[in-house]
file structure-v6.txt (compact mmCIF, C-alpha atoms)
# COMPACT_ATOMS: atom_id res chain seq x y z
CA MET A 1 -3.95 16.98 -19.42
CA THR A 2 -2.47 18.76 -16.41
CA GLU A 3 -0.05 16.16 -15.15
CA PRO A 4 0.96 17.72 -11.81
CA LEU A 5 -2.74 18.01 -10.90
CA ALA A 6 -3.35 14.40 -11.98
CA THR A 7 -0.45 13.29 -9.79
CA VAL A 8 -1.84 15.22 -6.82
CA ILE A 9 -5.26 13.61 -7.39
CA ILE A 10 -3.79 10.11 -7.55
CA VAL A 11 -1.77 10.65 -4.36
CA ALA A 12 -4.72 12.23 -2.51
CA ALA A 13 -7.07 9.42 -3.60
CA LEU A 14 -4.59 6.75 -2.49
CA VAL A 15 -4.04 8.50 0.86
CA ILE A 16 -7.79 8.62 1.53
CA ALA A 17 -8.08 4.97 0.44
CA GLY A 18 -5.26 4.09 2.85
CA TYR A 19 -6.92 6.00 5.66
CA GLY A 20 -10.17 4.18 4.93
CA LEU A 21 -8.36 0.85 5.02
CA LEU A 22 -6.82 1.78 8.38
CA ALA A 23 -10.25 2.46 9.87
CA ALA A 24 -11.71 -0.71 8.34
CA LEU A 25 -8.89 -2.83 9.74
CA ARG A 26 -9.25 -1.22 13.19
CA ASP A 27 -13.00 -1.87 13.06
CA ARG A 28 -13.94 1.81 13.21
CA PRO A 29 -16.78 3.56 11.37
CA MET A 30 -16.23 6.53 9.05
CA ASP A 31 -15.17 9.75 10.73
CA ARG A 32 -14.93 13.41 9.76
CA LEU A 33 -11.42 13.04 8.34
CA HIS A 34 -12.73 10.57 5.78
CA LEU A 35 -15.35 13.08 4.73
CA ALA A 36 -12.82 15.92 4.65
CA GLY A 37 -10.49 13.80 2.51
CA LEU A 38 -13.25 12.98 0.05
CA THR A 39 -14.21 16.66 -0.11
CA VAL A 40 -10.61 17.59 -0.99
CA VAL A 41 -10.50 14.88 -3.68
CA GLU A 42 -13.82 16.10 -5.11
CA ALA A 43 -12.54 19.71 -5.21
CA LEU A 44 -9.41 18.56 -7.06
CA LEU A 45 -11.55 16.57 -9.51
CA LEU A 46 -13.75 19.60 -10.15
CA ALA A 47 -10.65 21.68 -10.91
CA GLN A 48 -9.44 18.93 -13.24
CA ALA A 49 -12.82 18.78 -14.98
CA VAL A 50 -12.81 22.53 -15.62
CA LEU A 51 -9.20 22.57 -16.86
CA GLY A 52 -9.76 19.45 -18.96
CA LEU A 53 -12.91 20.79 -20.61
CA VAL A 54 -11.16 24.08 -21.39
CA LYS A 55 -8.28 22.20 -23.03
CA VAL A 56 -10.61 19.95 -25.01
CA ALA A 57 -12.60 22.99 -26.19
CA GLY A 58 -9.30 24.63 -27.19
CA ASP A 59 -8.48 21.73 -29.54
CA GLU A 60 -5.81 20.37 -27.25
CA GLY A 61 -7.72 17.21 -26.48
CA PRO A 62 -6.82 13.58 -27.16
CA ALA A 63 -8.06 11.59 -30.16
CA GLU A 64 -10.59 9.84 -27.92
CA THR A 65 -12.35 13.04 -26.90
CA ALA A 66 -15.68 11.46 -25.96
CA THR A 67 -14.08 8.81 -23.76
CA PHE A 68 -11.89 11.42 -22.09
CA VAL A 69 -14.81 13.72 -21.33
CA GLY A 70 -16.76 10.70 -20.06
CA TYR A 71 -14.03 9.98 -17.53
CA LEU A 72 -13.60 13.66 -16.69
CA LEU A 73 -17.28 13.97 -15.68
CA GLY A 74 -17.99 10.40 -14.55
CA ILE A 75 -15.21 10.50 -11.96
CA LEU A 76 -16.98 13.44 -10.25
CA LEU A 77 -19.73 11.04 -9.11
CA ILE A 78 -17.41 8.76 -7.16
CA PRO A 79 -16.49 10.78 -4.01
CA PRO A 80 -20.07 11.97 -3.21
CA ALA A 81 -21.50 8.51 -3.91
CA GLY A 82 -18.80 6.91 -1.75
CA ALA A 83 -19.38 9.40 1.07
CA GLY A 84 -23.14 8.93 1.05
CA TRP A 85 -23.08 5.15 0.78
CA GLY A 86 -20.31 4.86 3.42
CA LEU A 87 -22.05 7.18 5.89
CA LEU A 88 -25.15 4.97 5.92
CA GLU A 89 -23.06 2.19 7.43
CA ARG A 90 -21.89 2.76 10.98
CA SER A 91 -19.40 -0.11 10.97
CA ARG A 92 -16.02 -0.94 9.48
CA TRP A 93 -17.70 -1.46 6.12
CA GLY A 94 -18.32 2.31 5.83
CA PRO A 95 -14.63 3.15 5.48
CA ALA A 96 -14.27 0.03 3.30
CA VAL A 97 -16.51 1.85 0.79
CA ILE A 98 -14.09 4.79 0.98
CA VAL A 99 -11.25 2.43 0.05
CA VAL A 100 -13.15 1.44 -3.11
CA ALA A 101 -13.92 5.07 -3.94
CA GLY A 102 -10.28 6.15 -3.47
CA LEU A 103 -8.93 3.29 -5.57
CA ALA A 104 -11.52 3.92 -8.29
CA VAL A 105 -10.53 7.61 -8.51
CA ALA A 106 -6.83 6.69 -8.68
CA VAL A 107 -7.33 4.04 -11.38
CA MET A 108 -9.63 6.29 -13.42
CA THR A 109 -7.10 9.14 -13.24
CA VAL A 110 -4.33 6.84 -14.47
CA ARG A 111 -6.61 5.73 -17.34
CA MET A 112 -7.35 9.37 -18.20
CA ASN A 113 -3.61 10.06 -18.43
CA GLN A 114 -3.25 7.12 -20.81
CA ILE A 115 -6.16 8.28 -22.95
CA TRP A 116 -4.72 11.79 -23.03
CA SER A 117 -1.32 10.60 -24.20
CA GLY A 118 -2.90 8.15 -26.64
CA THR A 119 -1.31 5.01 -25.22
CA VAL A 120 -4.71 3.39 -24.71
CA ALA A 121 -7.74 3.40 -27.01
CA MET B 1 -30.04 -10.46 6.70
CA ARG B 2 -29.97 -7.41 4.47
CA THR B 3 -27.80 -7.65 1.38
CA GLY B 4 -26.86 -3.96 1.35
CA GLY B 5 -25.41 -3.79 4.87
CA GLY B 6 -22.14 -4.93 6.43
CA PRO B 7 -19.79 -6.52 3.91
CA GLY B 8 -22.61 -6.17 1.38
CA ARG B 9 -22.04 -2.43 1.47
CA LEU B 10 -18.56 -2.99 0.06
CA LEU B 11 -19.96 -5.33 -2.60
CA VAL B 12 -22.55 -2.75 -3.66
CA ALA B 13 -19.82 -0.07 -3.82
CA VAL B 14 -17.72 -2.17 -6.19
CA TYR B 15 -20.83 -2.99 -8.22
CA GLY B 16 -21.61 0.72 -8.41
CA VAL B 17 -18.16 1.51 -9.77
CA PHE B 18 -18.61 -1.15 -12.44
CA ALA B 19 -22.09 0.04 -13.31
CA LEU B 20 -20.60 3.49 -13.89
CA ALA B 21 -17.58 2.19 -15.80
CA ALA B 22 -19.57 -0.15 -18.05
CA GLY B 23 -22.37 2.38 -18.56
CA ALA B 24 -20.07 5.23 -19.54
CA ARG B 25 -18.05 2.99 -21.81
CA ALA B 26 -21.13 1.65 -23.59
CA ALA B 27 -22.57 5.16 -23.97
CA VAL B 28 -19.37 6.45 -25.58
CA GLN B 29 -19.03 3.42 -27.86
CA ILE B 30 -22.62 3.59 -29.08
CA ALA B 31 -22.60 7.37 -29.46
CA THR B 32 -19.32 7.66 -31.37
CA ARG B 33 -18.72 4.50 -33.40
CA PHE B 34 -21.68 2.12 -33.25
CA ASP B 35 -21.18 0.98 -36.88
CA GLU B 36 -17.72 -0.44 -36.21
CA ALA B 37 -18.79 -3.23 -33.87
CA PRO B 38 -22.52 -3.17 -33.17
CA VAL B 39 -22.59 -6.59 -31.50
CA ALA B 40 -19.77 -5.80 -29.10
CA TYR B 41 -21.26 -2.41 -28.24
CA LEU B 42 -24.74 -3.79 -27.68
CA LEU B 43 -23.19 -6.37 -25.37
CA SER B 44 -21.42 -3.52 -23.58
CA ALA B 45 -24.78 -1.84 -23.07
CA LEU B 46 -26.33 -5.11 -21.85
CA ALA B 47 -23.44 -5.61 -19.42
CA ALA B 48 -23.92 -2.08 -18.13
CA ALA B 49 -27.66 -2.61 -17.63
CA VAL B 50 -27.03 -5.84 -15.72
CA TYR B 51 -24.49 -4.09 -13.45
CA VAL B 52 -26.93 -1.29 -12.71
CA LEU B 53 -29.66 -3.84 -11.97
CA ALA B 54 -27.37 -5.84 -9.66
CA THR B 55 -26.20 -2.69 -7.85
CA VAL B 56 -29.71 -1.46 -7.16
CA ALA B 57 -31.10 -4.91 -6.28
CA LEU B 58 -28.27 -5.67 -3.85
CA ALA B 59 -28.57 -2.22 -2.28
CA LEU B 60 -32.33 -2.58 -1.72
CA GLY B 61 -32.23 -6.22 -0.65
CA GLY B 62 -35.95 -7.00 -0.34
CA ARG B 63 -37.43 -10.34 -1.35
CA ALA B 64 -38.06 -9.33 -4.96
CA SER B 65 -34.70 -7.52 -5.11
CA ARG B 66 -32.96 -10.65 -3.94
CA ARG B 67 -34.40 -12.65 -6.84
CA ILE B 68 -33.46 -9.90 -9.29
CA ALA B 69 -29.95 -9.79 -7.82
CA VAL B 70 -29.54 -13.56 -8.20
CA ALA B 71 -30.69 -13.32 -11.83
CA ALA B 72 -28.40 -10.35 -12.54
CA CYS B 73 -25.35 -12.01 -10.98
CA SER B 74 -26.09 -15.25 -12.88
CA VAL B 75 -26.41 -13.39 -16.20
CA GLU B 76 -23.14 -11.61 -15.41
CA LEU B 77 -21.31 -14.82 -14.63
CA ALA B 78 -22.64 -16.43 -17.82
CA GLY B 79 -21.80 -13.25 -19.76
CA VAL B 80 -18.22 -12.96 -18.61
CA LEU B 81 -17.60 -16.67 -19.27
CA VAL B 82 -19.30 -16.80 -22.69
CA ILE B 83 -18.09 -13.41 -23.98
CA GLY B 84 -14.67 -14.01 -22.47
CA THR B 85 -14.37 -17.29 -24.35
CA PHE B 86 -15.76 -15.87 -27.61
CA SER B 87 -13.50 -12.81 -27.46
CA LEU B 88 -10.45 -15.04 -27.22
CA ALA B 89 -11.63 -17.62 -29.77
CA ASP B 90 -12.98 -15.18 -32.37
CA ALA B 91 -11.19 -11.90 -31.84
CA GLU B 92 -12.56 -10.43 -35.09
CA ALA B 93 -16.13 -10.46 -33.82
CA PHE B 94 -14.96 -8.30 -30.91
CA PRO B 95 -12.69 -5.68 -32.44
CA ASP B 96 -13.07 -3.44 -29.42
CA GLU B 97 -12.83 -4.32 -25.77
CA THR B 98 -15.91 -4.71 -23.58
CA VAL B 99 -15.90 -5.20 -19.81
CA TRP B 100 -16.35 -8.92 -20.39
CA SER B 101 -13.62 -9.36 -23.06
CA GLY B 102 -10.87 -11.78 -22.07
CA TYR B 103 -12.78 -12.63 -18.87
CA GLY B 104 -12.54 -8.98 -17.78
CA ARG B 105 -8.75 -8.72 -17.96
CA GLY B 106 -9.00 -5.02 -18.88
CA TYR B 107 -10.56 -4.51 -15.44
CA GLY B 108 -8.20 -6.67 -13.39
CA PHE B 109 -10.51 -9.69 -13.73
CA VAL B 110 -12.89 -8.05 -11.27
CA PRO B 111 -15.86 -8.74 -13.66
CA LEU B 112 -15.10 -12.47 -13.23
CA VAL B 113 -14.89 -12.33 -9.43
CA LEU B 114 -17.79 -9.94 -8.83
CA PRO B 115 -20.75 -12.19 -9.84
CA VAL B 116 -19.31 -15.09 -7.84
CA ALA B 117 -18.91 -12.84 -4.80
CA GLY B 118 -22.45 -11.56 -5.34
CA LEU B 119 -23.97 -15.03 -5.52
CA VAL B 120 -22.01 -16.25 -2.49
CA TRP B 121 -23.14 -13.18 -0.54
CA LEU B 122 -26.79 -13.64 -1.56
CA TRP B 123 -26.63 -17.29 -0.54
CA ARG B 124 -25.04 -16.51 2.83
CA THR B 125 -27.39 -13.67 3.72
CA GLY B 126 -30.32 -15.82 2.62
CA ARG B 127 -29.39 -18.60 5.03
CA LYS B 128 -28.55 -16.26 7.92
CA GLY B 129 -32.23 -15.44 8.31
CA THR B 130 -32.90 -18.92 9.67
CA ARG B 131 -29.85 -19.16 11.91
CA THR B 132 -28.42 -17.18 14.80
CA PRO B 133 -26.22 -14.46 13.32
CA ALA B 134 -22.52 -15.20 13.44

call {"tool": "encode", "arguments": {"input": "structure-v6.txt", "output": "structure tokens"}}
result
Amino acid sequence: MTEPLATVIIVAALVIAGYGLLAALRDRPMDRLHLAGLTVVEALLLAQAVLGLVKVAGDEGPAETATFVGYLLGILLIPPAGAGWGLLERSRWGPAVIVVAGLAVAVMTVRMNQIWSGTVA
Amino acid sequence: MRTGGGPGRLLVAVYGVFALAAGARAAVQIATRFDEAPVAYLLSALAAAVYVLATVALALGGRASRRIAVAACSVELAGVLVIGTFSLADAEAFPDETVWSGYGRGYGFVPLVLPVAGLVWLWRTGRKGTRTPA
């Protein structure tokens, strides 16, 4: 797994989660910066998916290949789903959805790192 | 009051994440090593199906959906309590973790909190229809 990229993804996801929390606490709906942030995270995840699949195909993958690929592709659903579901709500609970999406991406990326290094089944 | 709006939107988002997590996990377990622990993996699949059902029912929030959501949340609560207890008492029957193992400790105990939050939310939104909104 590409660790610098994973680190960037975790940081970006936590930043967007923090920005969502800020808006939720200030009772503001989602704005364009939330969407832009999610778009950046999704682009990073796509890059990670491509790199990860190439590595797995090149026999560099972890023992738990299926689980790893599941995470690699499943995580791609989170930012678009979060953006769509959050946009439907024009209240503080829109950005609250973004907080969940950001945290989910961060946690899943940490799990992927663990699966890659074999510290977790 | 609709169950998918306001704070309910957050609840549905968390449910969605768990539907994805449980569904992907069950799919991988059943596809790659079903023979090792068929009971645990079938329970994983059941848990995933219940999460998907709860997510969709809470998001839609009609009268029928509300009943389905109550049922799904109740099954979840029963599941996490029963499977949690069994997984601790008879670890050999559950050689691999499911979302409900150890009361959901592998997922920060969110699986234990989520059905309770869902039922409380359904109850509150159900009563709000007859009162002036807070």

call {"tool": "closest_atom_pairs", "arguments": {"input": "structure-v6.txt", "of": "stretch 59-130 of chain B", "to": "stretch 10-23 of chain B", "cutoff": "8 Å", "atoms": "only C-alpha atoms", "output": "tab-separated table"}}
result
residue	atom	partner	partner_atom	distance
B:Ala59	CA	B:Val12	CA	6.2
B:Val99	CA	B:Ala22	CA	6.5
B:Leu114	CA	B:Tyr15	CA	7.6
B:Ala117	CA	B:Leu11	CA	7.9
B:Gly118	CA	B:Leu11	CA	7.2

call {"tool": "interface_residues", "arguments": {"input": "structure-v6.txt", "of": "chain A", "to": "chain B", "cutoff": "8 Å", "atoms": "all atoms listed in the file", "output": "JSON, numbers by chain"}}
result
{"A": [66, 67, 70, 71, 74, 78, 82, 85, 86, 89, 91, 92, 93, 94, 96, 97, 100, 101, 104]}

call {"tool": "residues_around", "arguments": {"input": "structure-v6.txt", "residues": "A:Val54", "least_positions_apart": "6", "cutoff": "12 Å", "atoms": "all atoms listed in the file", "output": "number ranges by chain"}}
result
A: 1-2, 47-48, 60-61, 69, 72

call {"tool": "residues_near_point", "arguments": {"input": "structure-v6.txt", "point": "(-11.2, 11.0, -5.0)", "cutoff": "9 Å", "atoms": "all atoms listed in the file", "output": "number ranges by chain"}}
result
A: 9-10, 12-14, 16-17, 37-45, 75-76, 78-79, 101-106

call {"tool": "residues_around", "arguments": {"input": "structure-v6.txt", "residues": "A:Pro95", "least_positions_apart": "3", "cutoff": "7 Å", "atoms": "all atoms listed in the file", "output": "PyMOL selection string"}}
result
chain A and resi 20-21+23-24+29-30+86+92+98-99

call {"tool": "residues_near_point", "arguments": {"input": "structure-v6.txt", "point": "(-28.4, -9.1, -11.4)", "cutoff": "6 Å", "atoms": "only C-alpha atoms", "output": "PyMOL selection string"}}
result
chain B and resi 50+53-54+68-73

call {"tool": "atom_distance", "arguments": {"input": "structure-v6.txt", "atom1": "atom CA of B:Gly84", "atom2": "atom CA of B:Leu122"}}
result
24.2 Å

call {"tool": "atom_distance", "arguments": {"input": "structure-v6.txt", "atom1": "atom CA of A:Asp31", "atom2": "atom CA of A:Val11"}}
result
20.2 Å

call {"tool": "atom_distance", "arguments": {"input": "structure-v6.txt", "atom1": "atom CA of A:Gly84", "atom2": "atom CA of B:Glu76"}}
result
26.3 Å

call {"tool": "closest_residue", "arguments": {"input": "structure-v6.txt", "among": "A:Ala6, A:Leu35, A:Ile115, A:Val110", "to": "A:Leu51", "atoms": "only C-alpha atoms"}}
result
A:Ala6

call {"tool": "residues_around", "arguments": {"input": "structure-v6.txt", "residues": "A:Leu73", "least_positions_apart": "5", "cutoff": "9 Å", "atoms": "only C-alpha atoms", "output": "ChimeraX atom specification"}}
result
/A:45-46,49,68

call {"tool": "write_last_selection", "arguments": {"input": "structure-v6.txt", "atoms": "C-alpha atoms", "output": "PDB file, in the coordinates of the input"}}
result
ATOM      1  CA  LEU A  45     -11.550  16.570  -9.510  1.00  0.00           C
ATOM      2  CA  LEU A  46     -13.750  19.600 -10.150  1.00  0.00           C
ATOM      3  CA  ALA A  49     -12.820  18.780 -14.980  1.00  0.00           C
ATOM      4  CA  PHE A  68     -11.890  11.420 -22.090  1.00  0.00           C
TER       5      PHE A  68
END

call {"tool": "build_atoms", "arguments": {"input": "structure-v6.txt", "residues": "stretch 49-60 of chain A", "atoms": "all heavy atoms", "output": "PDB file, in the frame of the given file"}}
result
ATOM      1  N   ALA A  49     -11.752  18.795 -13.976  1.00  0.00           N
ATOM      2  CA  ALA A  49     -12.820  18.780 -14.980  1.00  0.00           C
ATOM      3  C   ALA A  49     -12.862  20.108 -15.734  1.00  0.00           C
ATOM      4  O   ALA A  49     -12.951  20.137 -16.965  1.00  0.00           O
ATOM      5  CB  ALA A  49     -14.160  18.487 -14.327  1.00  0.00           C
ATOM      6  N   VAL A  50     -12.766  21.210 -14.991  1.00  0.00           N
ATOM      7  CA  VAL A  50     -12.810  22.530 -15.620  1.00  0.00           C
ATOM      8  C   VAL A  50     -11.615  22.704 -16.565  1.00  0.00           C
ATOM      9  O   VAL A  50     -11.771  23.047 -17.749  1.00  0.00           O
ATOM     10  CB  VAL A  50     -12.841  23.646 -14.549  1.00  0.00           C
ATOM     11  CG1 VAL A  50     -12.670  25.013 -15.195  1.00  0.00           C
ATOM     12  CG2 VAL A  50     -14.145  23.568 -13.758  1.00  0.00           C
ATOM     13  N   LEU A  51     -10.408  22.422 -16.035  1.00  0.00           N
ATOM     14  CA  LEU A  51      -9.200  22.570 -16.860  1.00  0.00           C
ATOM     15  C   LEU A  51      -9.254  21.652 -18.084  1.00  0.00           C
ATOM     16  O   LEU A  51      -8.921  22.063 -19.201  1.00  0.00           O
ATOM     17  CB  LEU A  51      -7.957  22.217 -16.027  1.00  0.00           C
ATOM     18  CG  LEU A  51      -7.532  23.245 -14.980  1.00  0.00           C
ATOM     19  CD1 LEU A  51      -6.410  22.695 -14.120  1.00  0.00           C
ATOM     20  CD2 LEU A  51      -7.082  24.540 -15.664  1.00  0.00           C
ATOM     21  N   GLY A  52      -9.697  20.420 -17.869  1.00  0.00           N
ATOM     22  CA  GLY A  52      -9.760  19.450 -18.960  1.00  0.00           C
ATOM     23  C   GLY A  52     -10.722  19.891 -20.042  1.00  0.00           C
ATOM     24  O   GLY A  52     -10.414  19.821 -21.233  1.00  0.00           O
ATOM     25  N   LEU A  53     -11.904  20.362 -19.630  1.00  0.00           N
ATOM     26  CA  LEU A  53     -12.910  20.790 -20.610  1.00  0.00           C
ATOM     27  C   LEU A  53     -12.409  21.997 -21.398  1.00  0.00           C
ATOM     28  O   LEU A  53     -12.637  22.096 -22.605  1.00  0.00           O
ATOM     29  CB  LEU A  53     -14.235  21.103 -19.917  1.00  0.00           C
ATOM     30  CG  LEU A  53     -15.030  19.881 -19.426  1.00  0.00           C
ATOM     31  CD1 LEU A  53     -16.274  20.308 -18.671  1.00  0.00           C
ATOM     32  CD2 LEU A  53     -15.392  18.963 -20.584  1.00  0.00           C
ATOM     33  N   VAL A  54     -11.712  22.910 -20.697  1.00  0.00           N
ATOM     34  CA  VAL A  54     -11.160  24.080 -21.390  1.00  0.00           C
ATOM     35  C   VAL A  54     -10.159  23.639 -22.449  1.00  0.00           C
ATOM     36  O   VAL A  54     -10.175  24.098 -23.596  1.00  0.00           O
ATOM     37  CB  VAL A  54     -10.500  25.048 -20.377  1.00  0.00           C
ATOM     38  CG1 VAL A  54      -9.655  26.097 -21.095  1.00  0.00           C
ATOM     39  CG2 VAL A  54     -11.564  25.713 -19.509  1.00  0.00           C
ATOM     40  N   LYS A  55      -9.291  22.687 -22.076  1.00  0.00           N
ATOM     41  CA  LYS A  55      -8.280  22.200 -23.030  1.00  0.00           C
ATOM     42  C   LYS A  55      -8.916  21.492 -24.216  1.00  0.00           C
ATOM     43  O   LYS A  55      -8.498  21.667 -25.359  1.00  0.00           O
ATOM     44  CB  LYS A  55      -7.315  21.247 -22.310  1.00  0.00           C
ATOM     45  CG  LYS A  55      -6.327  21.977 -21.437  1.00  0.00           C
ATOM     46  CD  LYS A  55      -5.134  21.101 -21.141  1.00  0.00           C
ATOM     47  CE  LYS A  55      -4.128  21.857 -20.295  1.00  0.00           C
ATOM     48  NZ  LYS A  55      -2.906  21.079 -20.065  1.00  0.00           N
ATOM     49  N   VAL A  56      -9.933  20.663 -23.926  1.00  0.00           N
ATOM     50  CA  VAL A  56     -10.610  19.950 -25.010  1.00  0.00           C
ATOM     51  C   VAL A  56     -11.291  20.936 -25.960  1.00  0.00           C
ATOM     52  O   VAL A  56     -11.209  20.814 -27.178  1.00  0.00           O
ATOM     53  CB  VAL A  56     -11.642  18.944 -24.441  1.00  0.00           C
ATOM     54  CG1 VAL A  56     -12.578  18.446 -25.537  1.00  0.00           C
ATOM     55  CG2 VAL A  56     -10.934  17.758 -23.796  1.00  0.00           C
ATOM     56  N   ALA A  57     -11.928  21.973 -25.374  1.00  0.00           N
ATOM     57  CA  ALA A  57     -12.600  22.990 -26.190  1.00  0.00           C
ATOM     58  C   ALA A  57     -11.574  23.759 -27.018  1.00  0.00           C
ATOM     59  O   ALA A  57     -11.874  24.224 -28.122  1.00  0.00           O
ATOM     60  CB  ALA A  57     -13.381  23.938 -25.285  1.00  0.00           C
ATOM     61  N   GLY A  58     -10.355  23.909 -26.495  1.00  0.00           N
ATOM     62  CA  GLY A  58      -9.300  24.630 -27.190  1.00  0.00           C
ATOM     63  C   GLY A  58      -8.516  23.753 -28.144  1.00  0.00           C
ATOM     64  O   GLY A  58      -7.400  24.072 -28.506  1.00  0.00           O
ATOM     65  N   ASP A  59      -9.099  22.602 -28.544  1.00  0.00           N
ATOM     66  CA  ASP A  59      -8.480  21.730 -29.540  1.00  0.00           C
ATOM     67  C   ASP A  59      -7.181  21.093 -29.068  1.00  0.00           C
ATOM     68  O   ASP A  59      -6.342  20.691 -29.862  1.00  0.00           O
ATOM     69  CB  ASP A  59      -8.207  22.508 -30.839  1.00  0.00           C
ATOM     70  CG  ASP A  59      -9.119  21.975 -31.936  1.00  0.00           C
ATOM     71  OD1 ASP A  59      -9.950  21.110 -31.613  1.00  0.00           O
ATOM     72  OD2 ASP A  59      -8.998  22.417 -33.083  1.00  0.00           O
ATOM     73  N   GLU A  60      -7.022  20.994 -27.752  1.00  0.00           N
ATOM     74  CA  GLU A  60      -5.810  20.370 -27.250  1.00  0.00           C
ATOM     75  C   GLU A  60      -6.067  18.935 -26.845  1.00  0.00           C
ATOM     76  O   GLU A  60      -5.190  18.257 -26.326  1.00  0.00           O
ATOM     77  CB  GLU A  60      -5.321  21.129 -26.011  1.00  0.00           C
ATOM     78  CG  GLU A  60      -4.254  22.156 -26.274  1.00  0.00           C
ATOM     79  CD  GLU A  60      -3.731  22.698 -24.959  1.00  0.00           C
ATOM     80  OE1 GLU A  60      -2.828  22.080 -24.393  1.00  0.00           O
ATOM     81  OE2 GLU A  60      -4.257  23.726 -24.499  1.00  0.00           O
TER      82      GLU A  60
END
